Amino acid sequence: MILTQTNLHLPATARPSSASPIPGGPRQFTLDGDEALEHRLAKLCQQVRTSVLIGIVPRRKLEGIVLAGGYGRGEGGVLRTPRGDQPYNDLEFYVFVRGSTFINERRYGGALHLLAQRLAALAGVEVEFKIASLARLRRSPVSMFSYDLVTGHRWVYGHEELLAGCGHHRRAADIPLHEATRLLMNRCSGLLFSLERLRRPEFTPDDADFVGRNLAKARLALGDVVLAATGRYHWSCREREKRLVDLSWSVWASWPWFPAVLDQYRRGVAFKLHPERTAGPTAELQAELDAISVLACRLWVWLEGRQLQRRFASPGEYASCDADKCPETPRWRNLLVNLLHFGPMVLWGPGRTTRYPRERLLQALPLLLWEPAALIDLNFHHHLRHYLATTASDFPGFVAAYARLWERFR
């Protein structure tokens with residue numbers, strides 16, 4: 001049986017409420033978006049289905065298409081405007097194709113990228129396609145990505161039975177600790193990119209909105225990291241907020257930073273469901289970033305202390321620690337990845353050829369974001385140049401080098 005684009009899979013206990021239905025049926029993409037927004041998103045899903053089937057991936061190769069992210073889980077952001085409700089979050093589609101993902105990305109990736117650009121112009125938000133394999137998903141271990149994808153999604157083409165054998169991806173308590181580190185690294189990277197924009201001589205309205213988005217994502221990450229690290233993560237941001245409140249009674253005394261994390265998380269959930277265009281002055285945004293960054297720093301040291309079974313007095317001490325910060329990746333694979341990305345010269349560099357390159361990001365990020373001395377201390381400069389494979393000598397240069405590496409190994 002092939003279900004149409006109107007099908008949504010969510011846990012039975014957490015389906016969007018039908019207490020306030022839009023005319024013609026319950027909401028599918030948002031909690032309270034107007035009818036026009038719901039129909040607009042449904043039409044876009046239909047365009048995706050038709051375009052992929054007819055012009056990009058042969059039907060015999062295509063296994064399914066799902067909409068993931070907030071809109072796929074029924075918690076997409078609703079931007080209120082004088083012209084009615086508008087989408088705000090990115091639209092993330094996963095295209096499941098039979099065979100090698102490596103080959104399929106080279107065969108269909110270019111056409112999907114062009115389709116994403118065309119649909120983004122129509123939707124007014126970013127559209128992203130990711131090619132995946134159901135066979136690979138079934139045999140892969142659970143991650144935050146796979147948990148979110150399998151537990152909450154909307155079928156654009158295909159049916160729920162295709163996820164047979166993916167039950168292990170529904171167990172949030174099995175999400176490994178390094179997944180929480182990865183989430184925090186990515187959201188703190190957003191803080192770093194925001195800081196770089198705030199320091200530019202010219203700060204545009206687009207820059208302000210970029211900073212606002214990344215502050216909101218970081219607010220959510222603070223709480224999500226705590227939940228993932230304690231086995232309490234959930235696909236719904238509203239349920240995660242409730243779980244943080246419940247957790248607060250048992251950790252209030254031992255985690256003095258937790259009340260501030262909970263407060264930031266509440267603000268993050270409010271923004272996720274009902275975002276606004278950020279237009280605040282630079283000083284105000286800088287103050288908000290500083291407050292979130294201080295919390296993120298404390299959480300980083302706490303989280304990595306749990307994962308590496310060590311105590312770190314500062315971000316600098318963490319960065320200089322020689323422990324393997326990505327122990328989940330096999331050494332032989334790391335060597336191949338380093339050779340492919342950095343070239344043979346990496347073999348003559350200062351060790352770490354059998355470490356996964358994401359470790360370079362984990363070591364550079366704390367220095368750039370939380371160690372002011374990193375920009376004036378020559379020893380820190382030496383380490384940053386090595387981590388980021390750059391000859392940069394100033395903050396914008398280091399951030400640009402970091403961004404290039406982050407795009408590949410985030």
# chains A, B, ... in the order shown; residues from 1 in each chain; ligands from 1
>>> residues_around(residues="Asn104 (chain A)", least_positions_apart="5", cutoff="12 Å", atoms="only C-alpha atoms", output="JSON, numbers by chain")
{"A": [56, 57, 58, 61, 62, 95, 96, 97, 98, 99, 109, 110, 111, 112, 130, 131, 132, 133]}
>>> residues_around(residues="Leu37 (chain A)", least_positions_apart="2", cutoff="12 Å", atoms="only C-alpha atoms", output="NGL selection string")
:A and (22 or 27-35 or 39-44 or 71 or 76-81 or 83-88 or 123-124)
>>> write_last_selection(atoms="C-alpha atoms", output="mmCIF file, in the first residue's frame")
data_model
loop_
_atom_site.group_PDB
_atom_site.id
_atom_site.type_symbol
_atom_site.label_atom_id
_atom_site.label_comp_id
_atom_site.auth_asym_id
_atom_site.auth_seq_id
_atom_site.Cartn_x
_atom_site.Cartn_y
_atom_site.Cartn_z
ATOM 1 C CA ILE A 22 -8.559 23.593 10.789
ATOM 2 C CA ARG A 27 -3.311 20.130 11.315
ATOM 3 C CA GLN A 28 -0.416 18.084 10.004
ATOM 4 C CA PHE A 29 2.624 20.356 9.963
ATOM 5 C CA THR A 30 2.093 22.843 12.825
ATOM 6 C CA LEU A 31 0.255 23.114 16.120
ATOM 7 C CA ASP A 32 -1.739 26.222 15.275
ATOM 8 C CA GLY A 33 -0.858 27.435 11.788
ATOM 9 C CA ASP A 34 -3.713 28.762 9.680
ATOM 10 C CA GLU A 35 -5.373 26.763 6.919
ATOM 11 C CA HIS A 39 -2.343 23.734 2.544
ATOM 12 C CA ARG A 40 0.765 25.494 1.240
ATOM 13 C CA LEU A 41 3.044 22.986 2.949
ATOM 14 C CA ALA A 42 0.917 20.050 1.777
ATOM 15 C CA LYS A 43 1.121 21.326 -1.791
ATOM 16 C CA LEU A 44 4.891 21.640 -1.519
ATOM 17 C CA TYR A 71 7.171 20.210 10.215
ATOM 18 C CA GLY A 76 6.806 23.363 12.722
ATOM 19 C CA GLY A 77 7.317 27.051 13.409
ATOM 20 C CA VAL A 78 4.529 29.486 12.558
ATOM 21 C CA LEU A 79 5.674 33.001 11.669
ATOM 22 C CA ARG A 80 2.792 35.453 12.123
ATOM 23 C CA THR A 81 2.787 38.211 9.486
ATOM 24 C CA ARG A 83 0.008 38.458 5.081
ATOM 25 C CA GLY A 84 -0.999 35.496 7.220
ATOM 26 C CA ASP A 85 0.986 32.646 8.747
ATOM 27 C CA GLN A 86 4.287 31.786 7.061
ATOM 28 C CA PRO A 87 6.783 28.916 7.443
ATOM 29 C CA TYR A 88 10.044 29.706 9.208
ATOM 30 C CA ALA A 123 8.375 28.206 0.026
ATOM 31 C CA GLY A 124 10.298 31.199 1.336
#
>>> closest_atom_pairs(of="region 107-218 of chain A", to="region 227-241 of chain A", cutoff="8 Å", atoms="only C-alpha atoms", output="CSV")
residue,atom,partner,partner_atom,distance
A:Tyr147,CA,A:Trp235,CA,7.6
A:Asp148,CA,A:Trp235,CA,5.6
A:Thr151,CA,A:Trp235,CA,6.8
A:Gly152,CA,A:Trp235,CA,6.7
A:Ala172,CA,A:Tyr233,CA,5.8
A:Ala173,CA,A:Gly231,CA,4.1
A:Asp174,CA,A:Gly231,CA,7.1
A:Ile175,CA,A:Ala228,CA,6.9
A:Pro176,CA,A:Ala229,CA,7.9
A:Leu177,CA,A:Ala229,CA,5.7
A:Ala180,CA,A:Ala228,CA,6.0
>>> select_by_dssp(residues="region 23-231 of chain A", states="alpha helix (DSSP H)", output="PyMOL selection string")
chain A and resi 35-55+69-72+101-123+134-139+144-151+177-198+205-229
>>> write_last_selection(atoms="C-alpha atoms", output="JSON list (two decimals), in the first residue's frame")
[["chain", "number", "residue", "atom", "x", "y", "z"],
["A", 35, "GLU", "CA", -5.37, 26.76, 6.92],
["A", 36, "ALA", "CA", -3.47, 28.55, 4.17],
["A", 37, "LEU", "CA", -0.10, 27.62, 5.67],
["A", 38, "GLU", "CA", -1.10, 23.98, 6.12],
["A", 39, "HIS", "CA", -2.34, 23.73, 2.54],
["A", 40, "ARG", "CA", 0.77, 25.49, 1.24],
["A", 41, "LEU", "CA", 3.04, 22.99, 2.95],
["A", 42, "ALA", "CA", 0.92, 20.05, 1.78],
["A", 43, "LYS", "CA", 1.12, 21.33, -1.79],
["A", 44, "LEU", "CA", 4.89, 21.64, -1.52],
["A", 45, "CYS", "CA", 5.11, 18.01, -0.34],
["A", 46, "GLN", "CA", 3.07, 16.99, -3.36],
["A", 47, "GLN", "CA", 5.47, 18.91, -5.61],
["A", 48, "VAL", "CA", 8.38, 17.07, -4.01],
["A", 49, "ARG", "CA", 6.72, 13.72, -4.58],
["A", 50, "THR", "CA", 5.94, 14.45, -8.23],
["A", 51, "SER", "CA", 9.30, 16.03, -9.06],
["A", 52, "VAL", "CA", 11.37, 13.25, -7.51],
["A", 53, "LEU", "CA", 9.29, 10.45, -9.03],
["A", 54, "ILE", "CA", 8.97, 11.86, -12.53],
["A", 55, "GLY", "CA", 12.27, 13.56, -13.17],
["A", 69, "GLY", "CA", 12.28, 18.10, 11.26],
["A", 70, "GLY", "CA", 9.70, 20.20, 13.05],
["A", 71, "TYR", "CA", 7.17, 20.21, 10.22],
["A", 72, "GLY", "CA", 7.49, 16.44, 9.84],
["A", 101, "THR", "CA", 24.29, 5.90, -0.77],
["A", 102, "PHE", "CA", 27.72, 6.99, -2.02],
["A", 103, "ILE", "CA", 26.79, 6.21, -5.63],
["A", 104, "ASN", "CA", 23.25, 7.54, -5.30],
["A", 105, "GLU", "CA", 24.48, 10.88, -3.97],
["A", 106, "ARG", "CA", 26.62, 11.33, -7.05],
["A", 107, "ARG", "CA", 23.89, 10.13, -9.36],
["A", 108, "TYR", "CA", 20.93, 12.09, -7.98],
["A", 109, "GLY", "CA", 22.40, 14.67, -5.59],
["A", 110, "GLY", "CA", 22.86, 17.41, -8.18],
["A", 111, "ALA", "CA", 19.28, 17.22, -9.44],
["A", 112, "LEU", "CA", 17.91, 17.17, -5.90],
["A", 113, "HIS", "CA", 20.00, 20.23, -5.05],
["A", 114, "LEU", "CA", 18.52, 22.13, -8.00],
["A", 115, "LEU", "CA", 15.02, 21.04, -6.96],
["A", 116, "ALA", "CA", 15.71, 22.28, -3.42],
["A", 117, "GLN", "CA", 16.72, 25.71, -4.75],
["A", 118, "ARG", "CA", 13.58, 25.96, -6.87],
["A", 119, "LEU", "CA", 11.27, 24.90, -4.03],
["A", 120, "ALA", "CA", 13.02, 27.19, -1.54],
["A", 121, "ALA", "CA", 12.14, 30.16, -3.75],
["A", 122, "LEU", "CA", 8.50, 29.08, -3.67],
["A", 123, "ALA", "CA", 8.38, 28.21, 0.03],
["A", 134, "LEU", "CA", 16.61, 2.04, 4.44],
["A", 135, "ALA", "CA", 18.96, -0.94, 4.58],
["A", 136, "ARG", "CA", 21.71, 1.23, 6.03],
["A", 137, "LEU", "CA", 19.28, 2.80, 8.51],
["A", 138, "ARG", "CA", 18.21, -0.65, 9.74],
["A", 139, "ARG", "CA", 21.77, -1.77, 10.48],
["A", 144, "MET", "CA", 19.78, 11.62, 17.84],
["A", 145, "PHE", "CA", 19.23, 12.03, 14.11],
["A", 146, "SER", "CA", 17.87, 8.50, 13.60],
["A", 147, "TYR", "CA", 15.70, 8.69, 16.72],
["A", 148, "ASP", "CA", 14.10, 11.96, 15.61],
["A", 149, "LEU", "CA", 13.65, 10.65, 12.07],
["A", 150, "VAL", "CA", 12.06, 7.31, 12.95],
["A", 151, "THR", "CA", 9.84, 8.48, 15.82],
["A", 177, "LEU", "CA", 26.67, 10.29, 25.07],
["A", 178, "HIS", "CA", 28.83, 11.37, 22.15],
["A", 179, "GLU", "CA", 25.63, 12.31, 20.29],
["A", 180, "ALA", "CA", 24.92, 14.91, 22.97],
["A", 181, "THR", "CA", 28.45, 16.26, 22.51],
["A", 182, "ARG", "CA", 27.91, 16.46, 18.77],
["A", 183, "LEU", "CA", 24.65, 18.39, 19.22],
["A", 184, "LEU", "CA", 26.28, 20.84, 21.63],
["A", 185, "MET", "CA", 29.26, 21.29, 19.29],
["A", 186, "ASN", "CA", 26.99, 22.12, 16.36],
["A", 187, "ARG", "CA", 24.86, 24.60, 18.28],
["A", 188, "CYS", "CA", 27.92, 26.24, 19.84],
["A", 189, "SER", "CA", 29.31, 26.51, 16.32],
["A", 190, "GLY", "CA", 26.22, 28.58, 15.56],
["A", 191, "LEU", "CA", 27.15, 30.82, 18.49],
["A", 192, "LEU", "CA", 30.67, 31.17, 17.09],
["A", 193, "PHE", "CA", 29.39, 32.13, 13.63],
["A", 194, "SER", "CA", 26.99, 34.60, 15.27],
["A", 195, "LEU", "CA", 29.82, 36.13, 17.29],
["A", 196, "GLU", "CA", 31.84, 36.64, 14.12],
["A", 197, "ARG", "CA", 28.92, 38.46, 12.48],
["A", 198, "LEU", "CA", 28.38, 40.64, 15.54],
["A", 205, "PRO", "CA", 19.10, 42.85, 9.15],
["A", 206, "ASP", "CA", 19.92, 39.44, 7.67],
["A", 207, "ASP", "CA", 22.80, 39.15, 10.13],
["A", 208, "ALA", "CA", 20.44, 39.97, 13.00],
["A", 209, "ASP", "CA", 18.00, 37.26, 11.90],
["A", 210, "PHE", "CA", 20.88, 34.78, 11.53],
["A", 211, "VAL", "CA", 22.00, 35.53, 15.08],
["A", 212, "GLY", "CA", 18.43, 35.26, 16.41],
["A", 213, "ARG", "CA", 17.94, 31.84, 14.82],
["A", 214, "ASN", "CA", 21.19, 30.51, 16.23],
["A", 215, "LEU", "CA", 20.52, 31.85, 19.71],
["A", 216, "ALA", "CA", 17.17, 30.03, 19.68],
["A", 217, "LYS", "CA", 18.78, 26.78, 18.50],
["A", 218, "ALA", "CA", 21.42, 27.06, 21.22],
["A", 219, "ARG", "CA", 18.76, 27.64, 23.89],
["A", 220, "LEU", "CA", 17.08, 24.38, 22.91],
["A", 221, "ALA", "CA", 20.38, 22.51, 22.74],
["A", 222, "LEU", "CA", 21.21, 23.36, 26.36],
["A", 223, "GLY", "CA", 18.23, 21.39, 27.61],
["A", 224, "ASP", "CA", 18.34, 18.72, 24.91],
["A", 225, "VAL", "CA", 21.92, 17.89, 25.86],
["A", 226, "VAL", "CA", 20.93, 17.37, 29.50],
["A", 227, "LEU", "CA", 18.01, 15.14, 28.50],
["A", 228, "ALA", "CA", 20.08, 13.08, 26.07],
["A", 229, "ALA", "CA", 22.89, 12.66, 28.60]]
>>> residues_around(residues="Tyr157 (chain A)", least_positions_apart="2", cutoff="6 Å", atoms="only C-alpha atoms", output="list of chain:residue names")
A:Gly64, A:Ile65, A:Trp155
>>> write_last_selection(atoms="N, CA and C atoms", output="PDB file, in the first residue's frame")
ATOM      1  N   GLY A  64      11.278   5.508  -0.650  1.00  0.00           N
ATOM      2  CA  GLY A  64      10.347   6.372   0.061  1.00  0.00           C
ATOM      3  C   GLY A  64      10.899   7.775   0.211  1.00  0.00           C
ATOM      4  N   ILE A  65      10.014   8.705   0.555  1.00  0.00           N
ATOM      5  CA  ILE A  65      10.393  10.090   0.846  1.00  0.00           C
ATOM      6  C   ILE A  65       9.676  10.493   2.124  1.00  0.00           C
ATOM      7  N   TRP A 155       5.219  10.886   5.857  1.00  0.00           N
ATOM      8  CA  TRP A 155       5.497  10.210   4.586  1.00  0.00           C
ATOM      9  C   TRP A 155       4.988  11.046   3.423  1.00  0.00           C
TER      10      TRP A 155
END
>>> closest_residue(among="A:Leu308, A:Leu340, A:Cys166, A:Leu369", to="Ala296 (chain A)", atoms="only C-alpha atoms")
A:Leu369
>>> closest_residue(among="A:Tyr402, A:Arg243, A:Glu304, A:Arg385", to="Arg266 (chain A)", atoms="only C-alpha atoms")
A:Arg243
>>> select_by_dssp(residues="region 128-307 of chain A", states="strand (DSSP E or B)", output="PyMOL selection string")
chain A and resi 128-132+153-158
>>> write_last_selection(atoms="C-alpha atoms", output="CSV table (one decimal), in the first residue's frame")
chain,number,residue,atom,x,y,z
A,128,GLU,CA,17.1,20.4,1.9
A,129,PHE,CA,17.2,16.9,0.5
A,130,LYS,CA,19.3,14.1,2.0
A,131,ILE,CA,19.8,10.8,0.2
A,132,ALA,CA,19.6,7.8,2.5
A,153,HIS,CA,8.0,12.1,10.4
A,154,ARG,CA,5.6,12.6,7.6
A,155,TRP,CA,5.5,10.2,4.6
A,156,VAL,CA,5.5,12.0,1.3
A,157,TYR,CA,5.9,8.8,-0.6
A,158,GLY,CA,6.0,5.3,0.9
>>> atom_distance(atom1="CA of Arg60 (chain A)", atom2="CA of Glu160 (chain A)")
18.3 Å
>>> residues_around(residues="region 324-332 of chain A", least_positions_apart="4", cutoff="8 Å", atoms="only C-alpha atoms", output="ChimeraX atom specification")
/A:178,308,336,354-356,358-359,362
>>> write_last_selection(atoms="C-alpha atoms", output="PDB file, in the first residue's frame")
ATOM      1  CA  HIS A 178      28.833  11.370  22.152  1.00  0.00           C
ATOM      2  CA  LEU A 308      35.852  11.249  29.001  1.00  0.00           C
ATOM      3  CA  LEU A 336      41.508   6.925   5.532  1.00  0.00           C
ATOM      4  CA  THR A 354      44.079   7.920  13.508  1.00  0.00           C
ATOM      5  CA  ARG A 355      41.733  10.404  15.211  1.00  0.00           C
ATOM      6  CA  TYR A 356      38.476  11.385  13.529  1.00  0.00           C
ATOM      7  CA  ARG A 358      35.701  16.100  14.190  1.00  0.00           C
ATOM      8  CA  GLU A 359      38.117  16.099  17.121  1.00  0.00           C
ATOM      9  CA  LEU A 362      36.036  19.880  19.416  1.00  0.00           C
TER      10      LEU A 362
END
>>> atom_distance(atom1="CA of Ser100 (chain A)", atom2="CA of Leu162 (chain A)")
17.6 Å
